[in-house]
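What follows is the content of coords.cif, which has mmCIF, C-alpha atoms; chains and numbers go by the auth columns:
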data_run
loop_
_atom_site.group_PDB
_atom_site.id
_atom_site.type_symbol
_atom_site.label_atom_id
_atom_site.label_comp_id
_atom_site.label_asym_id
_atom_site.label_seq_id
_atom_site.Cartn_x
_atom_site.Cartn_y
_atom_site.Cartn_z
_atom_site.B_iso_or_equiv
_atom_site.auth_seq_id
_atom_site.auth_asym_id
ATOM 1 C CA MET A 1 0.523 35.803 81.327 0.00 106 D
ATOM 2 C CA HIS A 2 0.233 36.286 77.555 0.00 107 D
ATOM 3 C CA GLN A 3 -0.405 39.547 75.791 0.00 108 D
ATOM 4 C CA SER A 4 -3.371 39.778 73.521 0.00 109 D
ATOM 5 C CA ALA A 5 -2.722 39.630 69.786 0.00 110 D
ATOM 6 C CA ARG A 6 -3.575 43.343 69.471 0.00 111 D
ATOM 7 C CA ALA A 7 -1.133 44.294 72.237 0.00 112 D
ATOM 8 C CA GLN A 8 1.583 42.213 70.568 0.00 113 D
ATOM 9 C CA GLU A 9 0.940 43.926 67.235 0.00 114 D
ATOM 10 C CA GLN A 10 1.123 47.343 68.945 0.00 115 D
ATOM 11 C CA SER A 11 4.390 46.410 70.628 0.00 116 D
ATOM 12 C CA ILE A 12 5.877 45.240 67.330 0.00 117 D
ATOM 13 C CA ALA A 13 4.742 48.423 65.558 0.00 118 D
ATOM 14 C CA LEU A 14 6.236 50.600 68.311 0.00 119 D
ATOM 15 C CA TYR A 15 9.494 48.670 68.159 0.00 120 D
ATOM 16 C CA GLN A 16 9.684 49.053 64.379 0.00 121 D
ATOM 17 C CA ARG A 17 8.927 52.788 64.653 0.00 122 D
ATOM 18 C CA TYR A 18 11.282 53.715 67.491 0.00 123 D
ATOM 19 C CA ALA A 19 14.028 51.078 67.645 0.00 124 D
ATOM 20 C CA PRO A 20 16.316 52.465 64.883 0.00 125 D
ATOM 21 C CA ALA A 21 16.526 55.983 66.362 0.00 126 D
ATOM 22 C CA MET A 22 16.672 54.603 69.888 0.00 127 D
ATOM 23 C CA PHE A 23 19.486 52.223 68.942 0.00 128 D
ATOM 24 C CA ALA A 24 21.472 55.069 67.340 0.00 129 D
ATOM 25 C CA TYR A 25 21.006 57.160 70.491 0.00 130 D
ATOM 26 C CA LEU A 26 22.090 54.287 72.739 0.00 131 D
ATOM 27 C CA MET A 27 25.129 53.550 70.548 0.00 132 D
ATOM 28 C CA ARG A 28 26.275 57.165 70.822 0.00 133 D
ATOM 29 C CA GLN A 29 25.780 57.072 74.567 0.00 134 D
ATOM 30 C CA VAL A 30 27.405 53.747 75.483 0.00 135 D
ATOM 31 C CA GLY A 31 29.768 53.170 72.545 0.00 136 D
ATOM 32 C CA SER A 32 29.287 49.406 72.454 0.00 137 D
ATOM 33 C CA ARG A 33 26.935 47.624 70.080 0.00 138 D
ATOM 34 C CA GLU A 34 26.310 44.851 72.586 0.00 139 D
ATOM 35 C CA ASP A 35 25.534 47.268 75.426 0.00 140 D
ATOM 36 C CA ALA A 36 23.282 49.349 73.158 0.00 141 D
ATOM 37 C CA GLU A 37 21.377 46.218 72.101 0.00 142 D
ATOM 38 C CA ASP A 38 20.945 45.184 75.737 0.00 143 D
ATOM 39 C CA LEU A 39 19.703 48.635 76.717 0.00 144 D
ATOM 40 C CA LEU A 40 17.345 48.741 73.725 0.00 145 D
ATOM 41 C CA LEU A 41 15.826 45.462 74.872 0.00 146 D
ATOM 42 C CA GLU A 42 15.443 46.813 78.417 0.00 147 D
ATOM 43 C CA VAL A 43 13.703 49.955 77.118 0.00 148 D
ATOM 44 C CA PHE A 44 11.138 48.012 75.134 0.00 149 D
ATOM 45 C CA LEU A 45 10.612 45.472 77.903 0.00 150 D
ATOM 46 C CA ALA A 46 9.781 48.384 80.196 0.00 151 D
ATOM 47 C CA LEU A 47 7.284 49.616 77.608 0.00 152 D
ATOM 48 C CA VAL A 48 5.641 46.197 77.342 0.00 153 D
ATOM 49 C CA GLU A 49 5.499 45.906 81.138 0.00 154 D
ATOM 50 C CA LYS A 50 3.890 49.343 81.337 0.00 155 D
ATOM 51 C CA GLY A 51 0.964 47.878 79.487 0.00 156 D
ATOM 52 C CA PRO A 52 -1.275 48.572 76.524 0.00 157 D
ATOM 53 C CA ALA A 53 -2.947 51.579 78.176 0.00 158 D
ATOM 54 C CA LEU A 54 0.203 53.645 77.663 0.00 159 D
ATOM 55 C CA GLN A 55 0.534 52.448 74.069 0.00 160 D
ATOM 56 C CA GLU A 56 -2.751 54.090 73.077 0.00 161 D
ATOM 57 C CA ASP A 57 -1.319 57.644 73.342 0.00 162 D
ATOM 58 C CA GLU A 58 1.511 58.259 70.852 0.00 163 D
ATOM 59 C CA HIS A 59 2.907 61.291 72.725 0.00 164 D
ATOM 60 C CA LEU A 60 3.009 59.412 76.027 0.00 165 D
ATOM 61 C CA VAL A 61 4.724 56.462 74.382 0.00 166 D
ATOM 62 C CA ARG A 62 7.381 58.628 72.747 0.00 167 D
ATOM 63 C CA ALA A 63 8.139 60.543 75.932 0.00 168 D
ATOM 64 C CA TYR A 64 8.113 57.351 77.994 0.00 169 D
ATOM 65 C CA ILE A 65 10.504 55.521 75.650 0.00 170 D
ATOM 66 C CA TRP A 66 13.018 58.384 75.608 0.00 171 D
ATOM 67 C CA SER A 67 12.746 58.859 79.347 0.00 172 D
ATOM 68 C CA VAL A 68 13.369 55.169 80.003 0.00 173 D
ATOM 69 C CA ALA A 69 16.320 55.192 77.583 0.00 174 D
ATOM 70 C CA HIS A 70 17.811 58.215 79.326 0.00 175 D
ATOM 71 C CA HIS A 71 17.526 56.487 82.703 0.00 176 D
ATOM 72 C CA LYS A 72 18.854 53.156 81.389 0.00 177 D
ATOM 73 C CA VAL A 73 21.958 54.932 80.070 0.00 178 D
ATOM 74 C CA ALA A 74 22.447 56.629 83.433 0.00 179 D
ATOM 75 C CA ASP A 75 22.062 53.269 85.201 0.00 180 D
ATOM 76 C CA HIS A 76 24.529 51.719 82.774 0.00 181 D
ATOM 77 C CA PHE A 77 27.201 54.268 83.685 0.00 182 D
ATOM 78 C CA ARG A 78 26.542 53.918 87.380 0.00 183 D
ATOM 79 C CA HIS A 79 27.741 50.327 87.025 0.00 184 D
ATOM 80 C CA PHE A 80 30.831 51.151 84.973 0.00 185 D
ATOM 81 C CA THR A 81 33.552 53.598 85.875 0.00 186 D
ATOM 82 C CA ARG A 82 34.626 54.526 82.356 0.00 187 D
ATOM 83 C CA HIS A 83 32.613 56.348 79.699 0.00 188 D
ATOM 84 C CA PRO A 84 33.415 54.925 76.275 0.00 189 D
ATOM 85 C CA SER A 85 32.427 56.921 73.240 0.00 190 D
ATOM 86 C CA VAL A 86 31.931 56.156 69.580 0.00 191 D
ATOM 87 C CA PRO A 87 34.554 57.850 67.427 0.00 192 D
ATOM 88 C CA LEU A 88 32.978 60.331 65.054 0.00 193 D
ATOM 89 C CA ALA A 89 34.631 58.563 62.114 0.00 194 D
ATOM 90 C CA ASN A 90 32.587 55.409 62.881 0.00 195 D
ATOM 91 C CA VAL A 91 29.341 57.388 63.000 0.00 196 D
ATOM 92 C CA GLU A 92 30.193 59.057 59.698 0.00 197 D
ATOM 93 C CA GLU A 93 30.887 55.695 58.064 0.00 198 D
ATOM 94 C CA MET A 94 27.428 54.518 59.110 0.00 199 D
ATOM 95 C CA LEU A 95 25.870 57.716 57.761 0.00 200 D
ATOM 96 C CA TYR A 96 27.518 57.422 54.364 0.00 201 D
ATOM 97 C CA GLU A 97 27.370 53.636 54.053 0.00 202 D
ATOM 98 C CA HIS A 98 24.614 53.725 51.415 0.00 203 D
ATOM 99 C CA ASP A 99 25.332 57.208 50.071 0.00 204 D
ATOM 100 C CA GLU A 100 26.715 57.630 46.547 0.00 205 D
ATOM 101 C CA ARG A 101 28.267 61.076 47.096 0.00 206 D
ATOM 102 C CA GLN A 102 31.541 62.098 45.569 0.00 207 D
ATOM 103 C CA PRO A 103 34.647 61.680 47.768 0.00 208 D
ATOM 104 C CA GLU A 104 35.195 65.452 47.851 0.00 209 D
ATOM 105 C CA GLN A 105 31.742 66.003 49.322 0.00 210 D
ATOM 106 C CA VAL A 106 32.332 63.298 51.903 0.00 211 D
ATOM 107 C CA ALA A 107 35.655 64.880 52.879 0.00 212 D
ATOM 108 C CA LEU A 108 34.070 68.325 53.232 0.00 213 D
ATOM 109 C CA ARG A 109 31.190 66.939 55.305 0.00 214 D
ATOM 110 C CA ARG A 110 33.679 65.048 57.518 0.00 215 D
ATOM 111 C CA GLU A 111 35.575 68.271 58.169 0.00 216 D
ATOM 112 C CA GLU A 112 32.329 70.051 59.088 0.00 217 D
ATOM 113 C CA TYR A 113 31.339 67.215 61.435 0.00 218 D
ATOM 114 C CA MET A 114 34.761 67.280 63.095 0.00 219 D
ATOM 115 C CA GLN A 115 34.406 71.008 63.687 0.00 220 D
ATOM 116 C CA LEU A 116 30.917 70.578 65.114 0.00 221 D
ATOM 117 C CA TYR A 117 32.010 67.582 67.189 0.00 222 D
ATOM 118 C CA THR A 118 34.908 69.570 68.635 0.00 223 D
ATOM 119 C CA LEU A 119 32.648 72.520 69.437 0.00 224 D
ATOM 120 C CA MET A 120 30.002 70.283 70.991 0.00 225 D
ATOM 121 C CA GLN A 121 32.580 68.552 73.209 0.00 226 D
ATOM 122 C CA GLU A 122 33.318 71.951 74.726 0.00 227 D
ATOM 123 C CA LEU A 123 29.656 72.401 75.730 0.00 228 D
ATOM 124 C CA PRO A 124 28.475 71.276 79.169 0.00 229 D
ATOM 125 C CA GLU A 125 26.820 67.836 79.202 0.00 230 D
ATOM 126 C CA PRO A 126 23.246 69.164 79.725 0.00 231 D
ATOM 127 C CA GLN A 127 23.576 71.370 76.629 0.00 232 D
ATOM 128 C CA ARG A 128 24.969 68.503 74.534 0.00 233 D
ATOM 129 C CA GLU A 129 22.160 66.195 75.621 0.00 234 D
ATOM 130 C CA VAL A 130 19.399 68.737 74.941 0.00 235 D
ATOM 131 C CA LEU A 131 20.882 69.504 71.494 0.00 236 D
ATOM 132 C CA GLN A 132 21.044 65.802 70.675 0.00 237 D
ATOM 133 C CA LEU A 133 17.479 65.117 71.783 0.00 238 D
ATOM 134 C CA ARG A 134 16.062 68.187 70.022 0.00 239 D
ATOM 135 C CA PHE A 135 17.885 68.011 66.696 0.00 240 D
ATOM 136 C CA GLY A 136 19.149 64.446 66.562 0.00 241 D
ATOM 137 C CA HIS A 137 15.890 62.837 67.599 0.00 242 D
ATOM 138 C CA GLU A 138 13.437 65.674 66.884 0.00 243 D
ATOM 139 C CA LEU A 139 11.811 65.589 70.299 0.00 244 D
ATOM 140 C CA SER A 140 9.621 68.459 71.441 0.00 245 D
ATOM 141 C CA TYR A 141 10.590 70.754 74.308 0.00 246 D
ATOM 142 C CA GLY A 142 7.974 69.088 76.490 0.00 247 D
ATOM 143 C CA GLU A 143 9.322 65.607 75.767 0.00 248 D
ATOM 144 C CA ILE A 144 12.884 66.726 76.469 0.00 249 D
ATOM 145 C CA ALA A 145 11.753 68.374 79.708 0.00 250 D
ATOM 146 C CA GLN A 146 10.274 65.079 80.880 0.00 251 D
ATOM 147 C CA ILE A 147 13.435 63.158 79.979 0.00 252 D
ATOM 148 C CA VAL A 148 15.898 65.504 81.686 0.00 253 D
ATOM 149 C CA ALA A 149 13.542 66.315 84.576 0.00 254 D
ATOM 150 C CA LYS A 150 13.550 70.067 84.001 0.00 255 D
ATOM 151 C CA SER A 151 10.854 72.574 83.120 0.00 256 D
ATOM 152 C CA GLU A 152 10.099 73.318 79.490 0.00 257 D
ATOM 153 C CA ALA A 153 11.370 76.876 80.023 0.00 258 D
ATOM 154 C CA ALA A 154 14.650 75.535 81.410 0.00 259 D
ATOM 155 C CA VAL A 155 15.049 73.254 78.380 0.00 260 D
ATOM 156 C CA ARG A 156 14.423 76.192 76.041 0.00 261 D
ATOM 157 C CA MET A 157 17.043 78.264 77.896 0.00 262 D
ATOM 158 C CA ILE A 158 19.608 75.438 77.813 0.00 263 D
ATOM 159 C CA LEU A 159 19.046 75.007 74.071 0.00 264 D
ATOM 160 C CA HIS A 160 19.193 78.760 73.462 0.00 265 D
ATOM 161 C CA ARG A 161 22.524 79.047 75.293 0.00 266 D
ATOM 162 C CA ALA A 162 24.011 76.056 73.475 0.00 267 D
ATOM 163 C CA LEU A 163 22.982 77.409 70.067 0.00 268 D
ATOM 164 C CA LYS A 164 24.324 80.847 70.968 0.00 269 D
ATOM 165 C CA VAL A 165 27.729 79.346 71.789 0.00 270 D
ATOM 166 C CA LEU A 166 27.768 77.316 68.557 0.00 271 D
ATOM 167 C CA ARG A 167 26.690 80.307 66.443 0.00 272 D
ATOM 168 C CA GLY A 168 29.395 82.431 68.038 0.00 273 D
ATOM 169 C CA ALA A 169 32.025 79.802 67.335 0.00 274 D
ATOM 170 C CA TYR A 170 30.918 79.392 63.709 0.00 275 D
ATOM 171 C CA SER A 171 30.676 83.133 63.067 0.00 276 D
ATOM 172 C CA GLY A 172 34.175 83.503 64.562 0.00 277 D
ATOM 173 C CA LYS A 173 35.502 80.859 62.167 0.00 278 D
ATOM 174 C CA GLU A 174 33.783 82.525 59.194 0.00 279 D
ATOM 175 C CA THR A 175 35.287 85.902 60.171 0.00 280 D
ATOM 176 C CA GLY A 176 38.699 84.272 60.448 0.00 281 D
ATOM 177 C CA ARG A 177 38.404 82.728 56.980 0.00 282 D
ATOM 178 C CA SER A 178 37.559 85.992 55.254 0.00 283 D
ATOM 179 C CA ARG A 179 40.753 87.667 56.471 0.00 284 D
#

Take the structure in the file and write it out as structure tokens.
Amino acid sequence: MHQSARAQEQSIALYQRYAPAMFAYLMRQVGSREDAEDLLLEVFLALVEKGPALQEDEHLVRAYIWSVAHHKVADHFRHFTRHPSVPLANVEEMLYEHDERQPEQVALRREEYMQLYTLMQELPEPQREVLQLRFGHELSYGEIAQIVAKSEAAVRMILHRALKVLRGAYSGKETGRSR
């Protein structure tokens, strides 16, 4: 059964709008370009199968795509026993690939990222995921709540606690530097 031309155009527009951020999210989660590409395809196939009715409401589409991605990543790790990760240095290289900053600025930013990365690794997984969805992908509390299957209030509390821990760690480092 073929999609109508309008439905195909909508699917292409949605892919162009969401695929880059979704691919970055999937890469950070699975650590393999090939696996991330496969999962990205599965996410958008699920969207196409859901039908054009869903594609009419931008908020539903966004929440649906992130929810499907979250579940596809979980399914991926159910099939594999190890949890590969992307080294922060590789992510930084991608971030600065087209940036003309001075080497000193890049080195300072790398140090800041390493500190944040280290602090974030100490957070529980739910806090890391909520932080990533909120600030990395700019999702609303409601969208995050749908993805992680928690209430909006619970998402706000998880985020609040994570930020409190990070602020405490950074203020402790700043106090240590001034001595």

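The nearest approach to Val166 in chain D among the residues D:Glu209, D:Glu243, D:Asp143, D:Glu248, with all atoms listed in the file taken into account, belongs to D:Glu248.
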
I want to know what sits within 12 Å of Leu228 in chain D, based on only C-alpha atoms, with residues of the same chain fewer than 3 positions away left out; could you give that as a ChimeraX atom specification?
/D:221-225,231-237,263-264,266-271,274

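Between Gln115 in chain D and the residues D:Ile252, D:Leu152, D:Leu145, D:Val135, the shortest atom-to-atom distance, using all atoms listed in the file, involves D:Leu152.
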
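Using all atoms listed in the file, the shortest contact distance between Tyr246 in chain D and any of D:Val260, D:Ala151, D:Ile117, D:Met127 is found at D:Val260.
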
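Using all atoms listed in the file for every distance, the candidate list D:Phe240, D:Met262, D:Lys177, D:Ser116 yields D:Lys177 as the residue closest to Leu131 in chain D.
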
Around all of range 128-132 of chain D's listed atoms, make the axis-aligned box with 3 Å on each side and tell me centre and edge lengths in Å to one decimal, as lines of an AutoDock Vina configuration file.
center_x = 22.3
center_y = 54.7
center_z = 70.0
size_x = 11.6
size_y = 10.9
size_z = 11.4

Mind completing range 210-228 of chain D with N, CA and C atoms? Output as a compact mmCIF listing (two decimals), in the coordinates of the input, please?
# COMPACT_ATOMS: atom_id res chain seq x y z
N GLN D 210 32.86 65.60 48.47
CA GLN D 210 31.74 66.00 49.32
C GLN D 210 31.82 65.30 50.67
N VAL D 211 32.20 64.05 50.66
CA VAL D 211 32.33 63.30 51.90
C VAL D 211 33.43 63.92 52.76
N ALA D 212 34.54 64.28 52.14
CA ALA D 212 35.66 64.88 52.88
C ALA D 212 35.25 66.22 53.48
N LEU D 213 34.53 67.04 52.71
CA LEU D 213 34.07 68.32 53.23
C LEU D 213 33.10 68.14 54.39
N ARG D 214 32.17 67.21 54.24
CA ARG D 214 31.19 66.94 55.30
C ARG D 214 31.91 66.43 56.55
N ARG D 215 32.92 65.58 56.38
CA ARG D 215 33.68 65.05 57.52
C ARG D 215 34.36 66.19 58.27
N GLU D 216 34.92 67.12 57.54
CA GLU D 216 35.58 68.27 58.17
C GLU D 216 34.56 69.10 58.97
N GLU D 217 33.38 69.31 58.38
CA GLU D 217 32.33 70.05 59.09
C GLU D 217 31.89 69.32 60.35
N TYR D 218 31.73 68.00 60.26
CA TYR D 218 31.34 67.22 61.44
C TYR D 218 32.41 67.28 62.52
N MET D 219 33.67 67.21 62.11
CA MET D 219 34.76 67.28 63.10
C MET D 219 34.75 68.63 63.81
N GLN D 220 34.48 69.69 63.07
CA GLN D 220 34.41 71.01 63.69
C GLN D 220 33.24 71.07 64.67
N LEU D 221 32.08 70.58 64.24
CA LEU D 221 30.92 70.58 65.11
C LEU D 221 31.14 69.68 66.33
N TYR D 222 31.72 68.51 66.10
CA TYR D 222 32.01 67.58 67.19
C TYR D 222 32.93 68.23 68.22
N THR D 223 33.97 68.89 67.74
CA THR D 223 34.91 69.57 68.64
C THR D 223 34.20 70.66 69.44
N LEU D 224 33.38 71.45 68.75
CA LEU D 224 32.65 72.52 69.44
C LEU D 224 31.66 71.94 70.46
N MET D 225 30.99 70.87 70.08
CA MET D 225 30.00 70.28 70.99
C MET D 225 30.67 69.66 72.22
N GLN D 226 31.87 69.13 72.06
CA GLN D 226 32.58 68.55 73.21
C GLN D 226 32.94 69.61 74.25
N GLU D 227 33.01 70.86 73.81
CA GLU D 227 33.32 71.95 74.73
C GLU D 227 32.08 72.42 75.51
N LEU D 228 30.89 72.02 75.04
CA LEU D 228 29.66 72.40 75.73
C LEU D 228 29.47 71.55 76.99
